[in-house]
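S.K.: See coords_28.tsv below, with TSV, C-alpha atoms and all ligand atoms.
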chain	number	residue	atom	x	y	z
U	1	MET	CA	-20.82	-10.19	-18.39
U	2	ARG	CA	-18.18	-12.82	-17.65
U	3	VAL	CA	-15.50	-11.57	-15.30
U	4	ALA	CA	-12.22	-13.46	-14.76
U	5	VAL	CA	-11.18	-12.60	-11.20
U	6	PHE	CA	-7.45	-13.20	-10.67
U	7	SER	CA	-5.65	-13.62	-7.31
U	8	THR	CA	-8.88	-14.66	-5.63
U	9	LYS	CA	-8.68	-15.23	-1.88
U	10	SER	CA	-11.61	-16.41	0.21
U	11	HIS	CA	-12.46	-12.82	1.20
U	12	ASP	CA	-12.57	-11.69	-2.47
U	13	ARG	CA	-14.99	-14.48	-3.29
U	14	GLU	CA	-17.14	-13.68	-0.24
U	15	TYR	CA	-17.39	-9.89	-0.69
U	16	LEU	CA	-17.62	-9.89	-4.50
U	17	THR	CA	-20.33	-12.56	-4.43
U	18	VAL	CA	-22.45	-10.46	-2.06
U	19	ALA	CA	-21.90	-7.21	-4.03
U	20	ASN	CA	-22.46	-8.93	-7.38
U	21	ASP	CA	-25.78	-10.47	-6.34
U	22	GLY	CA	-25.83	-12.61	-9.50
U	23	SER	CA	-25.41	-9.67	-11.94
U	24	HIS	CA	-22.21	-10.93	-13.58
U	25	GLU	CA	-20.73	-14.36	-14.13
U	26	MET	CA	-17.72	-14.26	-11.80
U	27	ASP	CA	-15.01	-16.77	-12.64
U	28	PHE	CA	-12.87	-16.89	-9.47
U	29	LEU	CA	-9.26	-17.86	-10.25
U	30	GLU	CA	-6.64	-18.35	-7.55
U	31	SER	CA	-3.75	-17.71	-9.96
U	32	ARG	CA	-1.96	-14.42	-10.14
U	33	LEU	CA	-2.30	-12.79	-13.58
U	34	ASN	CA	0.91	-13.02	-15.60
U	35	GLU	CA	2.08	-14.14	-19.05
U	36	GLU	CA	1.49	-17.83	-18.21
U	37	THR	CA	-1.95	-17.41	-16.66
U	38	ALA	CA	-3.45	-14.79	-19.02
U	39	PRO	CA	-5.00	-17.54	-21.22
U	40	LEU	CA	-7.27	-18.46	-18.27
U	41	ALA	CA	-9.20	-15.28	-19.05
U	42	ALA	CA	-9.78	-16.21	-22.69
U	43	GLY	CA	-13.21	-15.02	-23.78
U	44	ALA	CA	-13.88	-12.98	-20.63
U	45	PRO	CA	-14.81	-9.39	-21.59
U	46	ALA	CA	-13.79	-8.24	-18.11
U	47	VAL	CA	-10.73	-9.13	-16.04
U	48	CYS	CA	-10.49	-8.17	-12.38
U	49	ILE	CA	-7.06	-7.95	-10.70
U	50	PHE	CA	-5.33	-6.99	-7.44
U	51	VAL	CA	-2.05	-5.26	-6.57
U	52	ASN	CA	0.47	-8.02	-7.30
U	53	ASP	CA	-1.02	-9.17	-10.59
U	54	VAL	CA	1.11	-8.40	-13.62
U	55	ALA	CA	-0.57	-6.14	-16.17
U	56	SER	CA	2.38	-5.46	-18.46
U	57	ALA	CA	2.05	-4.56	-22.15
U	58	GLU	CA	2.66	-8.23	-23.00
U	59	VAL	CA	-0.07	-9.53	-20.66
U	60	LEU	CA	-2.54	-6.82	-21.70
U	61	GLY	CA	-1.87	-7.68	-25.35
U	62	GLN	CA	-2.73	-11.31	-24.63
U	63	LEU	CA	-5.93	-10.33	-22.83
U	64	ALA	CA	-7.03	-7.92	-25.57
U	65	ASP	CA	-6.33	-10.51	-28.29
U	66	ALA	CA	-8.51	-13.02	-26.44
U	67	GLY	CA	-11.45	-10.62	-26.20
U	68	THR	CA	-11.00	-8.69	-22.94
U	69	ARG	CA	-12.18	-5.09	-23.06
U	70	LEU	CA	-12.25	-4.08	-19.40
U	71	LEU	CA	-9.59	-4.33	-16.70
U	72	ALA	CA	-11.18	-3.73	-13.29
U	73	LEU	CA	-8.65	-3.10	-10.51
U	74	ARG	CA	-9.63	-3.99	-6.95
U	75	SER	CA	-7.18	-1.34	-5.78
U	76	ALA	CA	-6.59	2.40	-5.75
U	77	GLY	CA	-2.93	2.16	-6.82
U	78	PHE	CA	-2.34	1.34	-10.50
U	79	ASN	CA	1.46	1.28	-10.68
U	80	HIS	CA	1.27	-2.41	-11.69
U	81	VAL	CA	-0.66	-1.63	-14.90
U	82	ASP	CA	0.89	-0.40	-18.14
U	83	ILE	CA	-1.78	2.25	-18.71
U	84	GLU	CA	-0.24	3.47	-21.95
U	85	ALA	CA	-0.37	-0.04	-23.42
U	86	ALA	CA	-3.95	-0.49	-22.19
U	87	ASN	CA	-5.01	2.74	-23.89
U	88	GLU	CA	-3.29	1.72	-27.14
U	89	LEU	CA	-5.02	-1.66	-27.03
U	90	GLY	CA	-8.41	-0.02	-26.45
U	91	LEU	CA	-8.76	-1.61	-23.00
U	92	THR	CA	-10.69	0.40	-20.44
U	93	VAL	CA	-9.04	0.38	-17.01
U	94	VAL	CA	-11.10	1.19	-13.92
U	95	ARG	CA	-10.04	1.27	-10.30
U	96	VAL	CA	-11.45	1.80	-6.82
U	97	PRO	CA	-10.08	5.29	-6.15
U	98	ALA	CA	-11.10	5.44	-2.50
U	99	TYR	CA	-12.07	2.62	-0.22
U	100	SER	CA	-11.93	3.44	3.39
U	101	PRO	CA	-8.77	5.53	3.52
U	102	ASN	CA	-9.52	5.24	7.25
U	103	ALA	CA	-8.47	1.59	7.14
U	104	VAL	CA	-4.96	2.47	5.96
U	105	ALA	CA	-4.63	5.60	8.11
U	106	GLU	CA	-5.71	3.77	11.28
U	107	PHE	CA	-3.36	0.87	10.50
U	108	THR	CA	-0.50	3.33	9.99
U	109	VAL	CA	-1.06	4.91	13.39
U	110	GLY	CA	-1.31	1.44	14.93
U	111	MET	CA	2.02	0.56	13.36
U	112	ILE	CA	3.63	3.69	14.80
U	113	LEU	CA	2.33	2.84	18.28
U	114	ALA	CA	3.35	-0.82	17.99
U	115	LEU	CA	6.89	0.06	16.91
U	116	ASP	CA	7.24	2.78	19.52
U	117	ARG	CA	5.78	0.86	22.49
U	118	LYS	CA	6.74	-2.62	21.17
U	119	TYR	CA	3.39	-4.34	21.63
U	120	HIS	CA	4.44	-7.18	19.33
U	121	ARG	CA	7.58	-7.94	21.36
U	122	ALA	CA	5.75	-7.58	24.67
U	123	HIS	CA	3.05	-9.99	23.51
U	124	SER	CA	5.60	-12.70	22.61
U	125	ARG	CA	7.49	-12.14	25.86
U	126	VAL	CA	4.47	-12.36	28.14
U	127	ARG	CA	3.37	-15.59	26.44
U	128	GLU	CA	6.81	-17.00	27.37
U	129	GLY	CA	6.39	-15.90	30.99
U	130	ASN	CA	8.98	-13.13	30.55
U	131	PHE	CA	7.76	-9.94	32.22
U	132	SER	CA	11.02	-7.99	31.97
U	133	LEU	CA	10.68	-4.46	30.54
U	134	GLU	CA	14.27	-4.50	29.26
U	135	GLY	CA	14.30	-3.26	25.65
U	136	LEU	CA	10.65	-2.14	25.65
U	137	LEU	CA	11.30	1.56	26.34
U	138	GLY	CA	9.29	3.87	24.08
U	139	PHE	CA	8.66	7.60	23.77
U	140	ASP	CA	5.54	9.77	24.10
U	141	LEU	CA	3.99	10.67	20.76
U	142	HIS	CA	2.75	13.90	22.35
U	143	THR	CA	4.86	16.85	21.04
U	144	ARG	CA	6.89	14.60	18.69
U	145	THR	CA	7.19	15.75	15.06
U	146	VAL	CA	5.58	13.56	12.41
U	147	GLY	CA	6.51	14.08	8.75
U	148	ILE	CA	3.80	13.04	6.31
U	149	VAL	CA	4.97	12.56	2.73
U	150	GLY	CA	1.86	12.80	0.53
U	151	THR	CA	-1.21	14.52	1.98
U	152	GLY	CA	-3.95	12.97	-0.15
U	153	LYS	CA	-6.85	11.03	1.34
U	154	ILE	CA	-4.78	8.76	3.59
U	155	GLY	CA	-2.05	11.24	4.53
U	156	GLN	CA	-4.67	13.79	5.62
U	157	LEU	CA	-6.39	11.26	7.85
U	158	VAL	CA	-3.07	10.29	9.44
U	159	ALA	CA	-2.47	14.01	10.10
U	160	ARG	CA	-5.94	14.35	11.64
U	161	ILE	CA	-5.52	11.31	13.93
U	162	LEU	CA	-2.02	12.25	15.06
U	163	SER	CA	-3.08	15.84	15.74
U	164	GLY	CA	-5.28	14.28	18.41
U	165	PHE	CA	-2.16	12.78	20.00
U	166	GLY	CA	-0.69	16.28	20.29
U	167	CYS	CA	1.98	15.70	17.63
U	168	ARG	CA	3.49	18.49	15.56
U	169	ILE	CA	2.68	17.58	11.96
U	170	ILE	CA	4.81	18.63	9.00
U	171	ALA	CA	4.26	17.53	5.41
U	172	HIS	CA	5.67	17.38	1.94
U	173	ASP	CA	3.50	17.20	-1.18
U	174	PRO	CA	4.04	18.82	-4.59
U	175	TYR	CA	0.32	19.68	-4.44
U	176	PRO	CA	-0.33	21.06	-0.94
U	177	ASN	CA	-4.01	21.34	-0.02
U	178	ASP	CA	-6.02	23.64	2.24
U	179	GLN	CA	-7.76	20.83	4.17
U	180	THR	CA	-4.36	19.71	5.42
U	181	ARG	CA	-3.23	23.27	6.15
U	182	GLU	CA	-6.42	23.80	8.17
U	183	LEU	CA	-5.22	21.03	10.51
U	184	GLY	CA	-2.25	23.25	11.34
U	185	VAL	CA	0.13	21.20	9.20
U	186	GLU	CA	3.23	22.99	7.91
U	187	TYR	CA	4.36	22.11	4.37
U	188	MET	CA	8.07	22.04	3.54
U	189	ASP	CA	10.48	20.43	1.09
U	190	LEU	CA	11.34	16.76	1.50
U	191	HIS	CA	14.87	17.22	2.82
U	192	GLN	CA	13.76	19.68	5.49
U	193	LEU	CA	10.97	17.27	6.51
U	194	LEU	CA	13.41	14.36	6.76
U	195	GLY	CA	15.69	16.48	8.95
U	196	GLU	CA	12.93	17.55	11.36
U	197	ALA	CA	10.67	14.50	11.67
U	198	ASP	CA	10.90	11.99	14.54
U	199	ILE	CA	8.48	9.80	12.56
U	200	ILE	CA	8.31	9.79	8.75
U	201	THR	CA	5.29	8.18	7.12
U	202	LEU	CA	4.85	7.72	3.35
U	203	HIS	CA	1.47	8.20	1.65
U	204	THR	CA	2.30	8.87	-2.00
U	205	PRO	CA	1.46	6.72	-5.01
U	206	LEU	CA	4.32	4.84	-6.65
U	207	THR	CA	5.35	6.74	-9.80
U	208	PRO	CA	8.69	7.14	-11.60
U	209	GLU	CA	9.19	10.31	-9.48
U	210	THR	CA	8.51	8.59	-6.14
U	211	HIS	CA	10.42	5.35	-6.88
U	212	HIS	CA	13.07	5.02	-4.12
U	213	LEU	CA	12.03	8.32	-2.58
U	214	ILE	CA	13.81	6.93	0.48
U	215	SER	CA	17.30	6.10	-0.79
U	216	GLN	CA	20.94	6.23	0.32
U	217	SER	CA	21.00	9.90	-0.62
U	218	SER	CA	17.69	10.99	0.99
U	219	LEU	CA	18.53	8.98	4.14
U	220	ARG	CA	21.50	11.32	4.66
U	221	HIS	CA	18.98	14.04	5.59
U	222	VAL	CA	17.06	11.95	8.14
U	223	LYS	CA	17.12	13.01	11.79
U	224	PRO	CA	19.23	10.36	13.56
U	225	GLY	CA	17.08	7.67	15.16
U	226	ALA	CA	13.87	8.56	13.27
U	227	MET	CA	11.11	6.01	12.70
U	228	LEU	CA	10.15	5.30	9.07
U	229	ILE	CA	6.73	3.89	8.15
U	230	ASN	CA	5.67	2.75	4.68
U	231	THR	CA	2.10	1.57	4.19
U	232	SER	CA	1.90	2.80	0.56
U	233	ARG	CA	3.97	0.89	-2.00
U	234	GLY	CA	7.17	-1.05	-1.41
U	235	ALA	CA	9.30	0.57	-4.09
U	236	LEU	CA	9.00	4.01	-2.47
U	237	VAL	CA	11.82	2.68	-0.28
U	238	ASP	CA	15.21	1.32	-1.34
U	239	THR	CA	15.24	-1.64	1.06
U	240	GLU	CA	19.00	-2.20	1.00
U	241	ALA	CA	19.56	1.49	1.81
U	242	VAL	CA	17.22	1.33	4.82
U	243	ILE	CA	18.97	-1.83	6.05
U	244	ASP	CA	22.26	0.11	6.01
U	245	ALA	CA	20.57	3.01	7.84
U	246	LEU	CA	19.17	0.64	10.49
U	247	LYS	CA	22.60	-0.93	10.95
U	248	ASP	CA	24.35	2.39	11.58
U	249	GLY	CA	21.49	3.86	13.65
U	250	ARG	CA	20.46	6.61	11.24
U	251	LEU	CA	17.02	5.00	11.38
U	252	GLY	CA	15.77	4.11	14.84
U	253	SER	CA	12.96	1.85	13.66
U	254	LEU	CA	11.11	0.76	10.54
U	255	GLY	CA	7.52	-0.29	9.91
U	256	LEU	CA	6.60	-1.78	6.54
U	257	ASP	CA	3.26	-3.05	5.32
U	258	VAL	CA	4.60	-3.18	1.77
U	259	TYR	CA	7.87	-4.39	0.29
U	260	GLU	CA	9.36	-3.76	-3.14
U	261	GLU	CA	9.66	-7.49	-3.93
U	262	GLU	CA	6.43	-8.48	-2.16
U	263	ALA	CA	4.81	-10.05	-5.22
U	264	ASP	CA	6.64	-13.34	-4.62
U	265	LEU	CA	5.87	-13.39	-0.88
U	266	PHE	CA	2.77	-11.62	0.29
U	267	PHE	CA	-0.75	-13.03	0.43
U	268	GLU	CA	0.55	-16.63	0.51
U	269	ASP	CA	1.27	-19.06	3.37
U	270	LEU	CA	4.99	-19.77	2.95
U	271	SER	CA	5.52	-21.02	6.50
U	272	ASN	CA	6.73	-24.41	5.26
U	273	GLN	CA	9.13	-22.98	2.72
U	274	VAL	CA	12.59	-21.47	2.78
U	275	ILE	CA	12.41	-17.73	2.00
U	276	ALA	CA	14.87	-17.19	-0.84
U	277	ASP	CA	14.85	-13.39	-0.57
U	278	ASP	CA	17.91	-12.55	1.57
U	279	VAL	CA	17.13	-8.84	1.76
U	280	PHE	CA	13.67	-9.53	3.17
U	281	SER	CA	15.08	-12.14	5.55
U	282	ARG	CA	17.66	-9.63	6.81
U	283	LEU	CA	14.87	-7.15	7.58
U	284	LEU	CA	13.19	-9.71	9.82
U	285	THR	CA	16.31	-10.05	12.00
U	286	PHE	CA	16.11	-6.50	13.39
U	287	PRO	CA	14.40	-6.06	16.77
U	288	ASN	CA	13.30	-2.55	15.70
U	289	VAL	CA	11.60	-3.59	12.45
U	290	LEU	CA	7.93	-4.53	12.12
U	291	VAL	CA	6.75	-6.02	8.82
U	292	THR	CA	3.18	-6.90	7.92
U	293	GLY	CA	2.03	-8.47	4.65
U	294	HIS	CA	0.10	-5.68	2.89
U	295	GLN	CA	-2.86	-5.75	5.23
U	296	ALA	CA	-3.47	-2.04	5.90
U	297	PHE	CA	-6.54	-2.09	3.63
U	298	PHE	CA	-7.91	-5.27	5.15
U	299	THR	CA	-11.08	-4.27	7.00
U	300	HIS	CA	-14.70	-5.29	6.56
U	301	ASP	CA	-15.55	-1.72	5.54
U	302	ALA	CA	-12.80	-1.48	2.91
U	303	LEU	CA	-13.58	-4.91	1.41
U	304	THR	CA	-17.26	-3.98	1.17
U	305	GLN	CA	-16.41	-0.74	-0.67
U	306	ILE	CA	-13.89	-2.44	-2.96
U	307	ALA	CA	-16.43	-5.09	-3.96
U	308	GLU	CA	-19.33	-2.65	-4.42
U	309	THR	CA	-17.29	-0.17	-6.48
U	310	THR	CA	-15.80	-2.98	-8.60
U	311	VAL	CA	-19.24	-4.42	-9.40
U	312	THR	CA	-20.59	-0.93	-10.20
U	313	ASN	CA	-17.56	-0.18	-12.41
U	314	ILE	CA	-18.23	-3.38	-14.39
U	315	LYS	CA	-21.99	-2.74	-14.59
U	316	LEU	CA	-21.56	0.82	-15.92
U	317	PHE	CA	-18.99	-0.35	-18.48
U	318	GLU	CA	-21.42	-3.03	-19.67
U	319	GLU	CA	-24.08	-0.33	-20.06
U	320	GLY	CA	-21.64	1.85	-22.04
U	321	ARG	CA	-21.51	4.46	-19.28
U	322	ALA	CA	-18.49	6.00	-17.55
U	323	SER	CA	-18.05	5.49	-13.81
U	324	GLY	CA	-15.55	8.30	-13.37
U	325	ASN	CA	-13.10	5.67	-12.09
U	326	GLU	CA	-11.42	5.18	-15.47
U	327	ILE	CA	-7.63	5.64	-15.64
U	328	ASP	CA	-6.07	6.96	-18.81
U	329	VAL	CA	-2.63	8.14	-19.86
U	330	GLN	CA	-3.47	11.68	-18.73
U	331	ALA	CA	-4.10	10.42	-15.19
U	332	VAL	CA	-0.70	8.75	-15.24
U	333	SER	CA	1.18	11.81	-16.45
U	334	GLY	CA	-0.75	14.31	-14.37
S	1	LIG	P1	-4.19	10.12	-2.98
S	1	LIG	O1	-4.08	10.11	-4.46
S	1	LIG	O2	-5.43	10.63	-2.33
S	1	LIG	O3	-2.95	10.96	-2.37
S	1	LIG	C1	-1.64	10.84	-2.82
S	1	LIG	C2	-0.93	12.14	-2.50
S	1	LIG	O4	0.47	11.97	-2.82
S	1	LIG	C3	-1.44	13.34	-3.33
S	1	LIG	O5	-1.73	14.43	-2.49
S	1	LIG	C4	-0.25	13.66	-4.24
S	1	LIG	O6	-0.15	15.03	-4.56
S	1	LIG	C5	0.91	13.19	-3.37
S	1	LIG	N1	2.17	13.02	-4.09
S	1	LIG	C6	2.36	12.67	-5.39
S	1	LIG	N2	3.68	12.67	-5.67
S	1	LIG	C7	4.33	13.03	-4.53
S	1	LIG	C8	5.69	13.21	-4.19
S	1	LIG	N3	6.67	13.05	-5.10
S	1	LIG	N4	6.00	13.57	-2.92
S	1	LIG	C9	5.02	13.76	-1.99
S	1	LIG	N5	3.70	13.60	-2.27
S	1	LIG	C10	3.37	13.23	-3.52
S	1	LIG	O7	-3.86	8.63	-2.52
S	1	LIG	P2	-4.29	7.90	-1.16
S	1	LIG	O8	-5.66	7.34	-1.28
S	1	LIG	O9	-4.00	8.80	-0.02
S	1	LIG	O10	-3.29	6.66	-1.16
S	1	LIG	C11	-1.89	6.82	-1.08
S	1	LIG	C12	-1.23	5.50	-1.43
S	1	LIG	O11	-1.51	4.53	-0.42
S	1	LIG	C13	-1.76	4.85	-2.72
S	1	LIG	O12	-1.15	5.36	-3.87
S	1	LIG	C14	-1.42	3.40	-2.51
S	1	LIG	O13	-0.16	3.15	-3.08
S	1	LIG	C15	-1.33	3.25	-0.99
S	1	LIG	N6	-2.32	2.34	-0.45
S	1	LIG	C16	-1.88	1.27	0.31
S	1	LIG	C17	-2.78	0.37	0.85
S	1	LIG	C18	-2.33	-0.79	1.73
S	1	LIG	O14	-3.14	-1.70	1.99
S	1	LIG	N7	-1.12	-0.81	2.25
S	1	LIG	C19	-4.22	0.49	0.55
S	1	LIG	C20	-4.58	1.67	-0.21
S	1	LIG	C21	-3.66	2.54	-0.71
Could you quickly redo this structure as structure tokens?
M.R.:
Amino acid sequence: MRVAVFSTKSHDREYLTVANDGSHEMDFLESRLNEETAPLAAGAPAVCIFVNDVASAEVLGQLADAGTRLLALRSAGFNHVDIEAANELGLTVVRVPAYSPNAVAEFTVGMILALDRKYHRAHSRVREGNFSLEGLLGFDLHTRTVGIVGTGKIGQLVARILSGFGCRIIAHDPYPNDQTRELGVEYMDLHQLLGEADIITLHTPLTPETHHLISQSSLRHVKPGAMLINTSRGALVDTEAVIDALKDGRLGSLGLDVYEEEADLFFEDLSNQVIADDVFSRLLTFPNVLVTGHQAFFTHDALTQIAETTVTNIKLFEEGRASGNEIDVQAVSG
């Protein structure tokens, strides 16, 4: 089956080629999928996309009209796909529901440590011959309270790792689970969590309910000086609201691996260009903010699983069989 692979980077080509082992005709395209680039997939029964590709009703309509029947996501999150439109158009959408949640959980804990103990600032300083400790003061994680918002696969792993540091773990999730409770985690409502946590870390999908979960109004409940970490999806956080909270000290530090307007920035080398996004640029001016470009998933293990599951999803679709990784409107609403 011909597969048009959008947003191809060298690692996508490398891992998909190994997993594919010649089974499908992979057409690797560097372009991001959008209304202008959709015609590149003309005639391809399968289209494979990543997190910043645009799969709106308009784009999906174009793909379906040109013969596409399968949309294979190389991601777990599917907030960038109009699932209702896909269902109406008869397009099957498959995803990679779990690929090394460890990769994201471990990165999250690394980000907490880096922000707390300022590894990134120390590294730059030492390279300049500056060995002053001024401004590098951190705090012990031991006995600190960590608030985990969303205790699915990744949130649970973060809870497990941080339990080992001797942290008190509290959580908020509309669907609490026993595995998390067994770790000694106490569930509570979001506002109580925000008021008690020294570190807040977000691990929920982006849905209409979780859009701007961290906003001007929810930030009023945050314990003064708390650290906020978002390695899930950018739009869980109202960026302008967190900038205000950093300016007046309500937030003590901020770690972001995702950004609500990241589609125009991340995954590209823009080092020779002027960044036009003033909100993003403002974020980079704070000494207590650490931003990475959506790399929490980026491990050998995760890329192997993404590629293998994607190839299997396509193979089973071609054979008329379900993989169990299909997303339909019910999955979106429930
Ligand atoms: P999951 O589906 O296993 O867990 C999500 C949890 O969030 C569930 O327990 C669900 O009940 C909970 N939840 C839903 N609505 C909520 C709300 N309003 N408040 C609190 N909790 C809520 O998902 P998983 O695998 O743990 O991934 C979480 C997110 O991480 C994904 O949706 C994705 O956006 C993000 N992610 C980011 C990556 C990166 O590279 N930065 C890579 C992979 C995933």
S.K.: Please report the interatomic distance between atom CA of Leu284 of chain U and atom CA of Tyr119 of chain U in Å with one decimal.
M.R.: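 Pair atom CA of Leu284 of chain U / atom CA of Tyr119 of chain U returns 16.3 Å.
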S.K.: Using only C-alpha atoms and all ligand atoms, find each residue with an atom at most 7 Å away from ligand LIG 1 (chain S) and format the answer as a ChimeraX atom specification.
M.R.: /U:75-77,97-98,101,104,149-155,172-176,203-206,209-210,231-233,257-258,294-298
S.K.: Just want the 12 Å neighbourhood of Val158 of chain U, counted on all atoms listed in the file, with same-chain residues fewer than 4 positions away dropped. Output as a PyMOL selection string.
M.R.: chain U and resi 101-112+146-154+162-165+167+169-171+180+183+185+199-203+229+231
S.K.: Kindly indicate which residue among U:Asn313, U:Ser31, U:Thr207, U:Ser271 lies nearest to Ala4 of chain U, using all atoms listed in the file for the distances.
M.R.: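 Of the candidates, the smallest distance to Ala4 of chain U is held by U:Ser31.
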S.K.: With only C-alpha atoms as the basis for distance, which of U:Val59, U:Leu73, U:Leu219, U:Leu193 is at the shortest distance from Leu89 of chain U?
M.R.: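 Among the listed residues, U:Val59 lies closest to Leu89 of chain U.
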S.K.: For the atom pair atom CA of Gly135 of chain U and atom CA of Arg117 of chain U, what is the interatomic distance in Å to one decimal place?
M.R.: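 The value is 10.0 Å.
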S.K.: Restricting the calculation to all atoms listed in the file: of U:Met1, U:Leu303, U:Ala64, U:Val93, which residue gets closest to Ala19 of chain U?
M.R.: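 Comparing U:Met1, U:Leu303, U:Ala64, U:Val93 against Ala19 of chain U, the winner is U:Leu303.
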S.K.: Which one is closest to Val5 of chain U: U:Arg69, U:Arg282, U:His211, U:Arg74? Count only C-alpha atoms.
M.R.: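 Looking only at the distances to Val5 of chain U, the closest residue turns out to be U:Arg74.
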S.K.: Which residue, U:Gly129, U:Gly166, U:Pro39, U:Gly320, has the smallest gap to Phe6 of chain U when you use all atoms listed in the file?
M.R.: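 The closest residue to Phe6 of chain U is U:Pro39.
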S.K.: List the spatial neighbours of Ala245 of chain U as number ranges by chain - criterion: any atom at most 10 Å away, all atoms listed in the file, same-chain residues fewer than 2 positions off excluded.
M.R.: U: 215-216, 219-220, 222, 224-225, 239-243, 247-253
S.K.: Which residue gives the smallest distance to Asp65 of chain U among U:Leu29, U:Leu265, U:Ala38, U:Val51, with only C-alpha atoms counted?
M.R.: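 Selected residue with least distance to Asp65 of chain U: U:Ala38.
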S.K.: Which residues are close to segment 61-63 of chain U, i.e. within 12 Å by all atoms listed in the file, leaving aside same-chain residues fewer than 3 positions away? Reply as number ranges by chain.
M.R.: U: 4, 33-48, 54-58, 66-71, 82-92
S.K.: Rounded to one decimal, what separation in Å do you get between atom CA of His300 of chain U and atom CA of Phe50 of chain U?
M.R.: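 Interatomic distance here is 16.9 Å.
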S.K.: Show me as a list of chain:residue names the residues that reach within 9 Å of (11.2, -6.3, -1.5), counting all atoms listed in the file and using the file's own coordinates.
M.R.: U:Gly234, U:Ala235, U:Asp238, U:Thr239, U:Val258, U:Tyr259, U:Glu260, U:Glu261, U:Glu262, U:Ala263, U:Asp264, U:Leu265, U:Asp277, U:Val279, U:Phe280
S.K.: Set the distance at 9 Å and use all atoms listed in the file: which residues neighbour Asp116 of chain U once local chain neighbours fewer than 4 positions away are removed? I'd like the list as a ChimeraX atom specification.
M.R.: /U:111-112,136-141,227,253,288
